[in-house]
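A.B. asks: Contents of protein_8.csv (CSV, C-alpha atoms) are given next:
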chain,number,residue,atom,x,y,z
A,1,MET,CA,30.1,74.8,59.1
A,2,ALA,CA,26.4,75.4,60.0
A,3,ILE,CA,24.6,78.1,58.1
A,4,ALA,CA,22.1,80.5,59.5
A,5,VAL,CA,18.6,79.1,60.1
A,6,ARG,CA,16.3,79.8,57.1
A,7,PRO,CA,12.8,78.5,56.3
A,8,VAL,CA,12.8,74.9,55.0
A,9,GLU,CA,10.1,74.1,52.4
A,10,VAL,CA,9.1,70.5,51.8
A,11,ARG,CA,7.2,69.1,48.8
A,12,PRO,CA,6.7,65.8,46.9
A,13,LEU,CA,9.9,64.6,45.1
A,14,GLU,CA,9.2,64.8,41.4
A,15,GLU,CA,10.9,63.2,38.4
A,16,ARG,CA,12.8,66.4,37.6
A,17,ASP,CA,14.3,66.3,41.1
A,18,LEU,CA,15.9,62.9,40.7
A,19,PRO,CA,19.4,64.0,39.7
A,20,ALA,CA,19.5,66.4,42.7
A,21,GLY,CA,18.1,63.6,44.9
A,22,GLU,CA,20.8,61.2,43.8
A,23,ARG,CA,23.5,63.8,44.3
A,24,ILE,CA,22.3,64.6,47.8
A,25,PHE,CA,22.1,60.9,48.7
A,26,ARG,CA,25.7,60.2,47.6
A,27,GLU,CA,27.2,63.3,49.1
A,28,ALA,CA,25.4,62.9,52.4
A,29,PHE,CA,26.3,59.2,52.9
A,30,GLY,CA,29.7,59.6,51.4
A,31,THR,CA,30.5,62.5,53.8
A,32,ALA,CA,29.2,60.5,56.7
A,33,HIS,CA,31.4,57.6,55.8
A,34,GLY,CA,34.5,59.7,55.3
A,35,VAL,CA,34.8,59.1,51.5
A,36,ALA,CA,37.4,61.3,49.8
A,37,ASP,CA,35.1,62.2,47.0
A,38,PRO,CA,31.5,61.9,48.4
A,39,SER,CA,30.0,62.6,45.0
A,40,ARG,CA,31.4,59.2,43.9
A,41,TYR,CA,29.9,57.3,46.9
A,42,TRP,CA,28.3,54.0,45.6
A,43,PRO,CA,28.3,55.1,42.0
A,44,ASP,CA,27.2,51.6,40.9
A,45,ARG,CA,24.1,51.5,43.1
A,46,ASN,CA,20.6,52.8,42.4
A,47,TYR,CA,18.5,53.8,45.5
A,48,VAL,CA,16.7,57.0,44.8
A,49,ARG,CA,15.6,56.6,41.2
A,50,SER,CA,14.5,53.0,41.5
A,51,ARG,CA,12.5,53.6,44.7
A,52,TRP,CA,10.9,56.7,43.3
A,53,THR,CA,9.9,54.8,40.2
A,54,ALA,CA,8.4,52.1,42.3
A,55,ASP,CA,6.3,54.5,44.3
A,56,PRO,CA,6.6,58.3,43.6
A,57,GLY,CA,4.1,59.1,46.4
A,58,GLY,CA,6.5,57.9,49.0
A,59,ALA,CA,9.2,60.5,48.5
A,60,VAL,CA,9.7,64.1,49.7
A,61,MET,CA,12.2,66.8,48.9
A,62,ALA,CA,13.3,69.7,51.1
A,63,GLY,CA,14.6,73.0,49.8
A,64,ILE,CA,16.0,76.2,51.3
A,65,GLU,CA,15.6,79.4,49.3
A,66,GLY,CA,15.4,77.4,46.0
A,67,ALA,CA,18.3,75.1,46.7
A,68,SER,CA,17.7,71.3,47.0
A,69,ALA,CA,18.6,70.5,50.6
A,70,GLY,CA,17.4,67.0,51.4
A,71,ILE,CA,15.2,64.0,50.6
A,72,VAL,CA,13.4,61.3,52.4
A,73,MET,CA,11.5,58.2,51.2
A,74,ALA,CA,9.2,55.6,52.7
A,75,VAL,CA,7.6,52.4,51.4
A,76,ARG,CA,4.7,50.3,52.7
A,77,TRP,CA,5.1,46.6,53.2
A,78,GLY,CA,1.5,45.9,54.1
A,79,SER,CA,1.2,46.6,57.8
A,80,VAL,CA,4.9,47.6,58.0
A,81,GLY,CA,6.1,51.1,56.9
A,82,VAL,CA,9.8,51.4,56.2
A,83,LEU,CA,11.4,54.8,56.4
A,84,GLY,CA,14.6,55.6,54.3
A,85,PRO,CA,16.8,56.7,53.0
A,86,LEU,CA,16.9,60.2,54.6
A,87,ALA,CA,19.7,62.3,53.2
A,88,VAL,CA,20.6,66.0,53.8
A,89,ASP,CA,23.1,67.9,51.7
A,90,PRO,CA,26.1,68.4,54.0
A,91,LEU,CA,25.9,72.1,53.2
A,92,PHE,CA,22.6,72.2,55.1
A,93,TRP,CA,23.5,69.9,58.1
A,94,ARG,CA,22.3,71.3,61.4
A,95,SER,CA,19.8,73.6,59.6
A,96,GLY,CA,16.6,71.8,60.6
A,97,VAL,CA,16.2,70.0,57.3
A,98,ALA,CA,16.2,66.5,58.7
A,99,GLY,CA,13.5,67.4,61.2
A,100,ARG,CA,11.2,69.0,58.6
A,101,LEU,CA,11.6,66.0,56.3
A,102,LEU,CA,10.7,63.6,59.2
A,103,GLU,CA,7.7,65.7,60.1
A,104,SER,CA,6.5,65.5,56.5
A,105,ILE,CA,7.1,61.8,55.9
A,106,LEU,CA,5.6,60.7,59.2
A,107,GLU,CA,2.3,62.2,57.9
A,108,ASN,CA,2.6,60.2,54.8
A,109,PRO,CA,0.1,57.2,54.8
A,110,ARG,CA,3.0,54.8,54.2
A,111,LEU,CA,4.1,55.5,57.8
A,112,ARG,CA,1.2,57.2,59.4
A,113,ASP,CA,-1.2,54.3,58.9
A,114,ALA,CA,1.4,51.5,59.4
A,115,ARG,CA,1.0,49.1,62.3
A,116,LEU,CA,4.8,49.0,62.5
A,117,PRO,CA,6.7,52.1,61.4
A,118,ALA,CA,10.4,51.1,61.2
A,119,LEU,CA,13.8,52.1,60.0
A,120,SER,CA,17.5,51.3,60.3
A,121,THR,CA,20.4,53.6,60.8
A,122,ALA,CA,24.1,53.5,61.4
A,123,ALA,CA,24.7,51.8,64.8
A,124,GLY,CA,27.6,54.0,65.7
A,125,SER,CA,25.9,57.3,64.9
A,126,VAL,CA,24.8,58.9,68.2
A,127,SER,CA,23.3,61.9,66.3
A,128,ASN,CA,21.2,59.7,64.0
A,129,VAL,CA,19.8,57.7,66.8
A,130,ARG,CA,19.1,60.8,68.8
A,131,LEU,CA,17.3,62.4,65.9
A,132,TYR,CA,15.0,59.5,65.3
A,133,GLN,CA,14.3,59.2,69.0
A,134,ARG,CA,13.0,62.8,68.9
A,135,PHE,CA,10.3,61.5,66.5
A,136,GLY,CA,9.3,58.4,68.6
A,137,PHE,CA,11.6,55.8,67.1
A,138,TRP,CA,13.6,53.6,69.6
A,139,PRO,CA,16.5,51.4,69.0
A,140,GLY,CA,16.3,47.6,69.1
A,141,PHE,CA,18.5,44.8,67.9
A,142,LEU,CA,21.6,45.3,65.7
A,143,ILE,CA,21.2,44.5,62.0
A,144,PRO,CA,24.4,43.0,60.7
A,145,VAL,CA,24.8,43.5,56.9
A,146,LEU,CA,26.5,40.3,55.8
A,147,ALA,CA,28.3,39.1,52.7
A,148,LYS,CA,29.9,36.0,51.3
A,149,PRO,CA,31.7,35.1,48.1
A,150,VAL,CA,29.7,33.1,45.7
A,151,ASP,CA,30.7,29.4,45.8
A,152,GLU,CA,31.6,28.4,42.3
A,153,THR,CA,30.9,24.7,43.0
A,154,VAL,CA,27.4,23.8,41.9
A,155,ASP,CA,25.4,22.0,44.6
A,156,ALA,CA,23.8,19.0,43.0
A,157,LYS,CA,21.4,18.7,46.0
A,158,ALA,CA,20.2,22.3,45.7
A,159,THR,CA,16.4,22.6,45.4
A,160,ALA,CA,15.4,24.5,42.2
A,161,ALA,CA,13.5,27.7,42.7
A,162,THR,CA,11.0,29.2,40.3
A,163,PRO,CA,11.9,32.7,39.0
A,164,TYR,CA,9.0,35.1,39.3
A,165,ALA,CA,10.0,36.9,36.1
A,166,GLY,CA,9.3,33.7,34.1
A,167,LEU,CA,5.7,33.3,35.2
A,168,ARG,CA,2.6,34.3,33.2
A,169,GLU,CA,0.7,37.3,34.5
A,170,GLU,CA,-2.0,35.1,36.1
A,171,GLN,CA,0.7,33.0,37.8
A,172,LYS,CA,2.4,36.1,39.1
A,173,ASP,CA,-0.9,37.2,40.8
A,174,GLU,CA,-1.2,33.8,42.5
A,175,ALA,CA,2.4,33.9,43.5
A,176,LEU,CA,2.0,37.3,45.1
A,177,LYS,CA,-1.0,35.9,47.2
A,178,GLU,CA,1.2,33.0,48.3
A,179,CYS,CA,4.0,35.3,49.3
A,180,ALA,CA,1.7,37.5,51.3
A,181,ALA,CA,0.2,34.5,53.1
A,182,LEU,CA,3.8,33.4,54.0
A,183,THR,CA,4.8,36.8,55.3
A,184,GLY,CA,1.4,37.3,57.0
A,185,ALA,CA,2.2,34.1,59.1
A,186,VAL,CA,5.4,35.8,60.2
A,187,TYR,CA,3.8,39.1,61.1
A,188,GLU,CA,0.2,40.0,60.7
A,189,GLY,CA,-0.3,42.1,57.5
A,190,LEU,CA,3.3,42.0,56.4
A,191,ASP,CA,3.3,42.0,52.6
A,192,VAL,CA,6.2,42.8,50.3
A,193,SER,CA,4.3,42.5,47.0
A,194,HIS,CA,5.4,46.0,46.3
A,195,GLU,CA,9.1,45.0,46.3
A,196,ILE,CA,8.4,41.9,44.1
A,197,ARG,CA,6.6,43.9,41.5
A,198,SER,CA,9.2,46.7,41.6
A,199,VAL,CA,12.1,44.3,41.0
A,200,ASP,CA,10.2,42.7,38.1
A,201,ARG,CA,9.0,45.8,36.4
A,202,GLN,CA,12.3,47.6,36.6
A,203,ALA,CA,14.3,44.5,35.8
A,204,LEU,CA,16.4,45.0,39.0
A,205,GLY,CA,16.9,41.2,39.5
A,206,ASP,CA,14.4,38.5,40.3
A,207,THR,CA,12.3,36.9,43.1
A,208,LEU,CA,13.0,33.3,43.7
A,209,LEU,CA,10.0,31.1,44.7
A,210,LEU,CA,10.5,27.8,46.6
A,211,TRP,CA,7.6,25.5,46.2
A,212,SER,CA,6.7,22.2,48.0
A,213,GLY,CA,3.9,21.0,45.7
A,214,VAL,CA,1.3,23.7,45.7
A,215,ARG,CA,2.6,25.4,48.9
A,216,LEU,CA,5.1,28.2,48.9
A,217,ASP,CA,7.8,27.3,51.4
A,218,GLY,CA,10.0,30.4,50.8
A,219,PHE,CA,10.9,33.3,48.6
A,220,ALA,CA,13.7,35.8,48.2
A,221,VAL,CA,13.5,39.2,46.5
A,222,CYS,CA,17.0,39.8,44.9
A,223,HIS,CA,18.7,42.8,43.3
A,224,CYS,CA,21.4,41.8,40.9
A,225,GLY,CA,24.4,43.9,39.8
A,226,ALA,CA,25.1,47.5,38.9
A,227,GLY,CA,22.3,49.9,38.7
A,228,THR,CA,20.4,48.2,41.5
A,229,GLU,CA,20.7,48.3,45.3
A,230,ALA,CA,23.2,45.5,45.0
A,231,GLY,CA,25.9,47.2,43.1
A,232,GLU,CA,28.6,45.9,40.7
A,233,GLY,CA,29.2,42.2,41.0
A,234,ALA,CA,26.8,41.6,43.9
A,235,CYS,CA,23.4,39.9,44.5
A,236,TYR,CA,21.6,41.6,47.4
A,237,VAL,CA,18.7,39.9,49.2
A,238,LYS,CA,16.3,42.7,49.8
A,239,PHE,CA,13.8,40.4,51.5
A,240,GLY,CA,13.6,36.7,52.1
A,241,ALA,CA,11.4,34.4,54.2
A,242,ALA,CA,10.9,30.7,54.7
A,243,ARG,CA,8.6,28.4,56.6
A,244,THR,CA,11.1,25.9,58.0
A,245,PRO,CA,14.9,25.8,58.6
A,246,GLU,CA,15.2,23.3,55.7
A,247,ALA,CA,13.4,25.6,53.4
A,248,PHE,CA,15.6,28.5,54.6
A,249,GLU,CA,18.7,26.6,53.7
A,250,SER,CA,17.3,25.7,50.3
A,251,LEU,CA,16.4,29.3,49.7
A,252,LEU,CA,20.0,30.4,50.5
A,253,GLY,CA,21.2,27.8,48.1
A,254,ALA,CA,18.8,29.1,45.4
A,255,VAL,CA,20.1,32.6,45.9
A,256,GLU,CA,23.6,31.4,45.4
A,257,GLU,CA,22.6,29.6,42.2
A,258,LEU,CA,21.0,32.9,40.9
A,259,ALA,CA,24.2,34.8,41.7
A,260,ARG,CA,26.4,32.3,40.0
A,261,ALA,CA,24.1,32.1,36.9
A,262,ARG,CA,24.3,35.9,36.5
A,263,GLY,CA,28.1,36.0,36.9
A,264,LEU,CA,28.0,37.8,40.3
A,265,GLY,CA,30.8,37.4,42.7
A,266,ARG,CA,29.2,37.9,46.1
A,267,ILE,CA,25.9,37.8,48.0
A,268,VAL,CA,24.8,40.5,50.5
A,269,ALA,CA,22.1,40.0,53.0
A,270,GLY,CA,21.1,41.9,56.2
A,271,VAL,CA,19.4,40.2,59.1
A,272,ASN,CA,18.1,41.5,62.4
A,273,SER,CA,20.2,39.8,65.0
A,274,GLY,CA,17.1,39.1,67.1
A,275,ARG,CA,16.2,36.5,64.5
A,276,ARG,CA,18.8,34.1,65.9
A,277,ALA,CA,18.0,31.1,63.7
A,278,ALA,CA,18.2,33.1,60.5
A,279,TYR,CA,21.4,34.9,61.6
A,280,ARG,CA,23.1,31.6,62.6
A,281,HIS,CA,22.1,30.0,59.3
A,282,LEU,CA,23.8,32.8,57.4
A,283,LEU,CA,26.9,32.6,59.5
A,284,ALA,CA,27.1,28.9,59.1
A,285,ARG,CA,27.0,29.4,55.3
A,286,GLY,CA,30.0,31.7,55.4
A,287,PHE,CA,28.4,35.1,55.6
A,288,ARG,CA,30.4,37.7,57.5
A,289,ALA,CA,29.5,41.2,58.6
A,290,LEU,CA,30.4,44.2,56.4
A,291,SER,CA,28.7,46.7,58.8
A,292,HIS,CA,26.2,47.0,61.5
A,293,SER,CA,23.1,49.2,61.6
A,294,VAL,CA,20.4,49.3,64.3
A,295,ALA,CA,16.7,48.6,64.0
A,296,MET,CA,14.4,51.4,65.2
A,297,GLN,CA,10.7,51.1,65.7
A,298,ARG,CA,8.1,53.7,66.5
A,299,ARG,CA,5.5,53.7,69.3
A,300,ASP,CA,6.9,50.5,70.9
A,301,ALA,CA,5.3,48.5,68.1
A,302,ALA,CA,5.9,44.8,68.3
A,303,SER,CA,8.0,43.5,65.4
A,304,TYR,CA,8.9,40.1,63.9
A,305,ASP,CA,12.3,39.7,65.6
A,306,GLY,CA,11.6,36.4,67.3
A,307,PRO,CA,14.5,33.9,67.5
A,308,ASP,CA,12.8,31.5,65.2
A,309,ALA,CA,11.8,34.0,62.5
A,310,LEU,CA,13.4,32.9,59.3
A,311,VAL,CA,13.4,36.3,57.6
A,312,ILE,CA,16.1,38.4,55.8
A,313,ASP,CA,15.7,42.1,55.6
A,314,ASP,CA,17.6,45.2,56.9
A,315,TRP,CA,15.1,48.0,56.6
A,316,ARG,CA,17.5,50.1,54.5
Using structure tokens, write down the structure that the file contains.
C.D. replies:
Amino acid sequence: MAIAVRPVEVRPLEERDLPAGERIFREAFGTAHGVADPSRYWPDRNYVRSRWTADPGGAVMAGIEGASAGIVMAVRWGSVGVLGPLAVDPLFWRSGVAGRLLESILENPRLRDARLPALSTAAGSVSNVRLYQRFGFWPGFLIPVLAKPVDETVDAKATAATPYAGLREEQKDEALKECAALTGAVYEGLDVSHEIRSVDRQALGDTLLLWSGVRLDGFAVCHCGAGTEAGEGACYVKFGAARTPEAFESLLGAVEELARARGLGRIVAGVNSGRRAAYRHLLARGFRALSHSVAMQRRDAASYDGPDALVIDDWR
């Protein structure tokens, strides 16, 4: 039941707010997905705390008369600004909280100064799509979130990948430059160094680097297991990219090797369906859809959804 309209205050999300932020995230998404006990939605996953830890300046909290009412976060991938998650306590739905949060976060440099401000939302949610359209975001391709069981058979032909976590500091700096050069070839200015550093510093998983001599042919930023964005027993590819179809296949094999080595039972990866080559490679490897979201971009900005783009991400 909607409550009377009251002033909504927004301010930066602080460390003391994290328990409230995590509660709001679980109850908002759990309620939206019809979970019997929304407070237990995705209890094995870490979205709010890990993202805030990586970049506190990209998070905002809304309150109404002293009560925590909602949160929103954004991250900068070089020229790309990714919005989400946005979550409002169900007690404050239809109270103007989501709109105030969006007004605030769109003025944050992570989105305001991005060449491509983007997000994904539930494909079947008319209200979500309508909300974001009010703020200049328009729907594009579907983003299937795919999963497959880990193949327990070791592929003797698999190309070994170098784990970022095992590099010396100077080697990590060089690897980040190579990753940025690869993604910059996909889309001008695209750079996920922030995600690579975050995974490494918070021990959320690892980034796999696929080399051909001195050239980086592909890499995958992976979250592994409970307490990350993957969840219990899963390896989640937060971002992946490769130069060639052969390198993309090798990269997928390396991700499977990582999951198997860590005792994880399944791999999860989202891919924009406009990237037909990447999508088909995943399907051919046995990945199947768990859910569909829809990509939304602001100001009709061109994206990197070309059919030959060998990129994995879902803008969650």
A.B. asks: When distances are computed from all atoms listed in the file, which of A:Gly263, A:Gly227, A:Pro149, A:Pro245 shows the smallest separation from Ala277 in chain A?
C.D. replies: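 Of all the options, A:Pro245 lies closest to Ala277 in chain A.
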A.B. asks: Rounded to one decimal, what separation in Å do you get between CA of Gly233 in chain A and CA of Trp42 in chain A?
C.D. replies: 12.7 Å
A.B. asks: If you measure from CA of Leu208 in chain A to CA of Val255 in chain A, what distance in Å do you get, rounded to one decimal?
C.D. replies: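 The value is 7.5 Å.
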A.B. asks: So the first atom is CA of Leu176 in chain A and the second is CA of Val48 in chain A; what is the distance between them in Å, to one decimal place?
C.D. replies: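 About the pair CA of Leu176 in chain A and CA of Val48 in chain A: they are 24.6 Å apart.
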A.B. asks: Please determine, counting all atoms listed in the file, which residue among A:Gly30, A:Gly253, A:Gly84, A:Gly205 has the shortest atom-to-atom distance to Ala230 in chain A.
C.D. replies: A:Gly205
A.B. asks: Can you tell me, as a compact mmCIF listing (two decimals) with C-alpha atoms, keeping the file's coordinate frame, what residues are no more than 7 Å from range 86-96 of chain A when counting all atoms listed in the file, ignoring any on the same chain fewer than 2 positions away?
C.D. replies:
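The resulting file, around.txt, is reproduced below:
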# COMPACT_ATOMS: atom_id res chain seq x y z
CA ALA A 2 26.40 75.40 60.00
CA ILE A 3 24.60 78.10 58.10
CA VAL A 5 18.60 79.10 60.10
CA ILE A 24 22.30 64.60 47.80
CA PHE A 25 22.10 60.90 48.70
CA GLU A 27 27.20 63.30 49.10
CA ALA A 28 25.40 62.90 52.40
CA ALA A 69 18.60 70.50 50.60
CA GLY A 70 17.40 67.00 51.40
CA ILE A 71 15.20 64.00 50.60
CA VAL A 72 13.40 61.30 52.40
CA MET A 73 11.50 58.20 51.20
CA GLY A 84 14.60 55.60 54.30
CA ALA A 98 16.20 66.50 58.70
CA GLY A 99 13.50 67.40 61.20
CA ARG A 100 11.20 69.00 58.60
A.B. asks: Rank nothing, just name the residue among A:Glu178, A:Asp308, A:Asp313, A:Glu152 nearest to Arg266 in chain A, using only C-alpha atoms.
C.D. replies: A:Glu152
A.B. asks: I'd like the contact shell of range 137-141 of chain A - 6 Å cut-off, all atoms listed in the file, skipping same-chain residues fewer than 3 positions apart - returned as an MDAnalysis selection string.
C.D. replies: chainID A and resid 132:133 274 295:298
A.B. asks: Mind checking which residues fall within 9 Å of Asp200 in chain A, counting only C-alpha atoms, ignoring those fewer than 5 positions away in the same chain, and posting them as an mmCIF file with C-alpha atoms, keeping the file's coordinate frame?
C.D. replies:
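Full text of selection-v2.cif as output:
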data_model
loop_
_atom_site.group_PDB
_atom_site.id
_atom_site.type_symbol
_atom_site.label_atom_id
_atom_site.label_comp_id
_atom_site.auth_asym_id
_atom_site.auth_seq_id
_atom_site.Cartn_x
_atom_site.Cartn_y
_atom_site.Cartn_z
ATOM 1 C CA TYR A 164 9.000 35.100 39.300
ATOM 2 C CA ALA A 165 10.000 36.900 36.100
ATOM 3 C CA GLU A 195 9.100 45.000 46.300
ATOM 4 C CA GLY A 205 16.900 41.200 39.500
ATOM 5 C CA ASP A 206 14.400 38.500 40.300
ATOM 6 C CA THR A 207 12.300 36.900 43.100
#
A.B. asks: Would you mind listing what lies within 8 Å of Pro12 in chain A as a ChimeraX atom specification, with only C-alpha atoms counted and same-chain residues fewer than 3 positions away left out?
C.D. replies: /A:57,59-61
A.B. asks: Write the residues of the preceding selection, restricted to C-alpha atoms, as a PDB file, in the frame of the given file.
C.D. replies:
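File produced: result-v2.pdb:
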ATOM      1  CA  GLY A  57       4.100  59.100  46.400  1.00  0.00           C
ATOM      2  CA  ALA A  59       9.200  60.500  48.500  1.00  0.00           C
ATOM      3  CA  VAL A  60       9.700  64.100  49.700  1.00  0.00           C
ATOM      4  CA  MET A  61      12.200  66.800  48.900  1.00  0.00           C
TER       5      MET A  61
END
A.B. asks: Pick from A:Arg40, A:Lys148, A:Arg275, A:Arg316: nearest to Ala122 in chain A, with all atoms listed in the file counted?
C.D. replies: A:Arg316
A.B. asks: Looking at all atoms listed in the file, which of A:Ala67, A:Val8, A:Arg115, A:Ala32 is the one that sits closest to Asp300 in chain A?
C.D. replies: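 Smallest distance to Asp300 in chain A is found for A:Arg115.
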A.B. asks: Skip Thr228 in chain A itself and residues of its chain fewer than 5 positions away, then list as an MDAnalysis selection string all residues within 7 Å of it, counting all atoms listed in the file.
C.D. replies: chainID A and resid 45:46 204 223
A.B. asks: With distances taken over only C-alpha atoms, which residue among A:Ile267, A:Ile312, A:Ala36, A:Ala301 lies nearest Arg280 in chain A?
C.D. replies: A:Ile312
A.B. asks: Could you give me range 63-84 of chain A completed to N, CA and C atoms, formatted as a PDB file, in the coordinates of the input?
C.D. replies:
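The result, written out as part-v2.pdb:
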ATOM      1  N   GLY A  63      13.786  71.996  50.472  1.00  0.00           N
ATOM      2  CA  GLY A  63      14.600  73.000  49.800  1.00  0.00           C
ATOM      3  C   GLY A  63      14.708  74.251  50.762  1.00  0.00           C
ATOM      4  N   ILE A  64      15.788  74.985  50.562  1.00  0.00           N
ATOM      5  CA  ILE A  64      16.000  76.200  51.300  1.00  0.00           C
ATOM      6  C   ILE A  64      16.334  77.308  50.273  1.00  0.00           C
ATOM      7  N   GLU A  65      15.458  78.283  50.178  1.00  0.00           N
ATOM      8  CA  GLU A  65      15.600  79.400  49.300  1.00  0.00           C
ATOM      9  C   GLU A  65      15.962  78.921  47.838  1.00  0.00           C
ATOM     10  N   GLY A  66      15.221  77.919  47.402  1.00  0.00           N
ATOM     11  CA  GLY A  66      15.400  77.400  46.000  1.00  0.00           C
ATOM     12  C   GLY A  66      16.419  76.363  45.846  1.00  0.00           C
ATOM     13  N   ALA A  67      17.251  76.121  46.847  1.00  0.00           N
ATOM     14  CA  ALA A  67      18.300  75.100  46.700  1.00  0.00           C
ATOM     15  C   ALA A  67      17.798  73.772  47.264  1.00  0.00           C
ATOM     16  N   SER A  68      18.083  72.685  46.535  1.00  0.00           N
ATOM     17  CA  SER A  68      17.700  71.300  47.000  1.00  0.00           C
ATOM     18  C   SER A  68      18.562  70.981  48.195  1.00  0.00           C
ATOM     19  N   ALA A  69      17.901  70.666  49.309  1.00  0.00           N
ATOM     20  CA  ALA A  69      18.600  70.500  50.600  1.00  0.00           C
ATOM     21  C   ALA A  69      18.567  69.080  51.138  1.00  0.00           C
ATOM     22  N   GLY A  70      17.532  68.308  50.797  1.00  0.00           N
ATOM     23  CA  GLY A  70      17.400  67.000  51.400  1.00  0.00           C
ATOM     24  C   GLY A  70      16.281  66.182  50.799  1.00  0.00           C
ATOM     25  N   ILE A  71      16.317  64.880  51.003  1.00  0.00           N
ATOM     26  CA  ILE A  71      15.200  64.000  50.600  1.00  0.00           C
ATOM     27  C   ILE A  71      14.967  62.949  51.627  1.00  0.00           C
ATOM     28  N   VAL A  72      13.756  62.406  51.592  1.00  0.00           N
ATOM     29  CA  VAL A  72      13.400  61.300  52.400  1.00  0.00           C
ATOM     30  C   VAL A  72      12.401  60.432  51.685  1.00  0.00           C
ATOM     31  N   MET A  73      12.446  59.109  51.928  1.00  0.00           N
ATOM     32  CA  MET A  73      11.500  58.200  51.200  1.00  0.00           C
ATOM     33  C   MET A  73      10.956  57.218  52.232  1.00  0.00           C
ATOM     34  N   ALA A  74       9.825  56.644  51.864  1.00  0.00           N
ATOM     35  CA  ALA A  74       9.200  55.600  52.700  1.00  0.00           C
ATOM     36  C   ALA A  74       8.441  54.663  51.769  1.00  0.00           C
ATOM     37  N   VAL A  75       8.310  53.419  52.218  1.00  0.00           N
ATOM     38  CA  VAL A  75       7.600  52.400  51.400  1.00  0.00           C
ATOM     39  C   VAL A  75       6.705  51.626  52.394  1.00  0.00           C
ATOM     40  N   ARG A  76       5.612  51.125  51.859  1.00  0.00           N
ATOM     41  CA  ARG A  76       4.700  50.300  52.700  1.00  0.00           C
ATOM     42  C   ARG A  76       4.795  48.872  52.324  1.00  0.00           C
ATOM     43  N   TRP A  77       5.083  48.043  53.326  1.00  0.00           N
ATOM     44  CA  TRP A  77       5.100  46.600  53.200  1.00  0.00           C
ATOM     45  C   TRP A  77       3.833  46.075  53.940  1.00  0.00           C
ATOM     46  N   GLY A  78       2.670  46.333  53.411  1.00  0.00           N
ATOM     47  CA  GLY A  78       1.500  45.900  54.100  1.00  0.00           C
ATOM     48  C   GLY A  78       1.305  46.673  55.411  1.00  0.00           C
ATOM     49  N   SER A  79       1.359  45.944  56.526  1.00  0.00           N
ATOM     50  CA  SER A  79       1.200  46.600  57.800  1.00  0.00           C
ATOM     51  C   SER A  79       2.490  47.219  58.338  1.00  0.00           C
ATOM     52  N   VAL A  80       3.572  47.078  57.589  1.00  0.00           N
ATOM     53  CA  VAL A  80       4.900  47.600  58.000  1.00  0.00           C
ATOM     54  C   VAL A  80       5.234  48.797  57.089  1.00  0.00           C
ATOM     55  N   GLY A  81       5.620  49.917  57.696  1.00  0.00           N
ATOM     56  CA  GLY A  81       6.100  51.100  56.900  1.00  0.00           C
ATOM     57  C   GLY A  81       7.575  51.254  57.180  1.00  0.00           C
ATOM     58  N   VAL A  82       8.351  51.286  56.104  1.00  0.00           N
ATOM     59  CA  VAL A  82       9.800  51.400  56.200  1.00  0.00           C
ATOM     60  C   VAL A  82      10.273  52.754  55.758  1.00  0.00           C
ATOM     61  N   LEU A  83      10.950  53.468  56.623  1.00  0.00           N
ATOM     62  CA  LEU A  83      11.400  54.800  56.400  1.00  0.00           C
ATOM     63  C   LEU A  83      12.892  54.764  55.893  1.00  0.00           C
ATOM     64  N   GLY A  84      13.186  55.449  54.791  1.00  0.00           N
ATOM     65  CA  GLY A  84      14.600  55.600  54.300  1.00  0.00           C
ATOM     66  C   GLY A  84      14.691  55.399  52.838  1.00  0.00           C
TER      67      GLY A  84
END
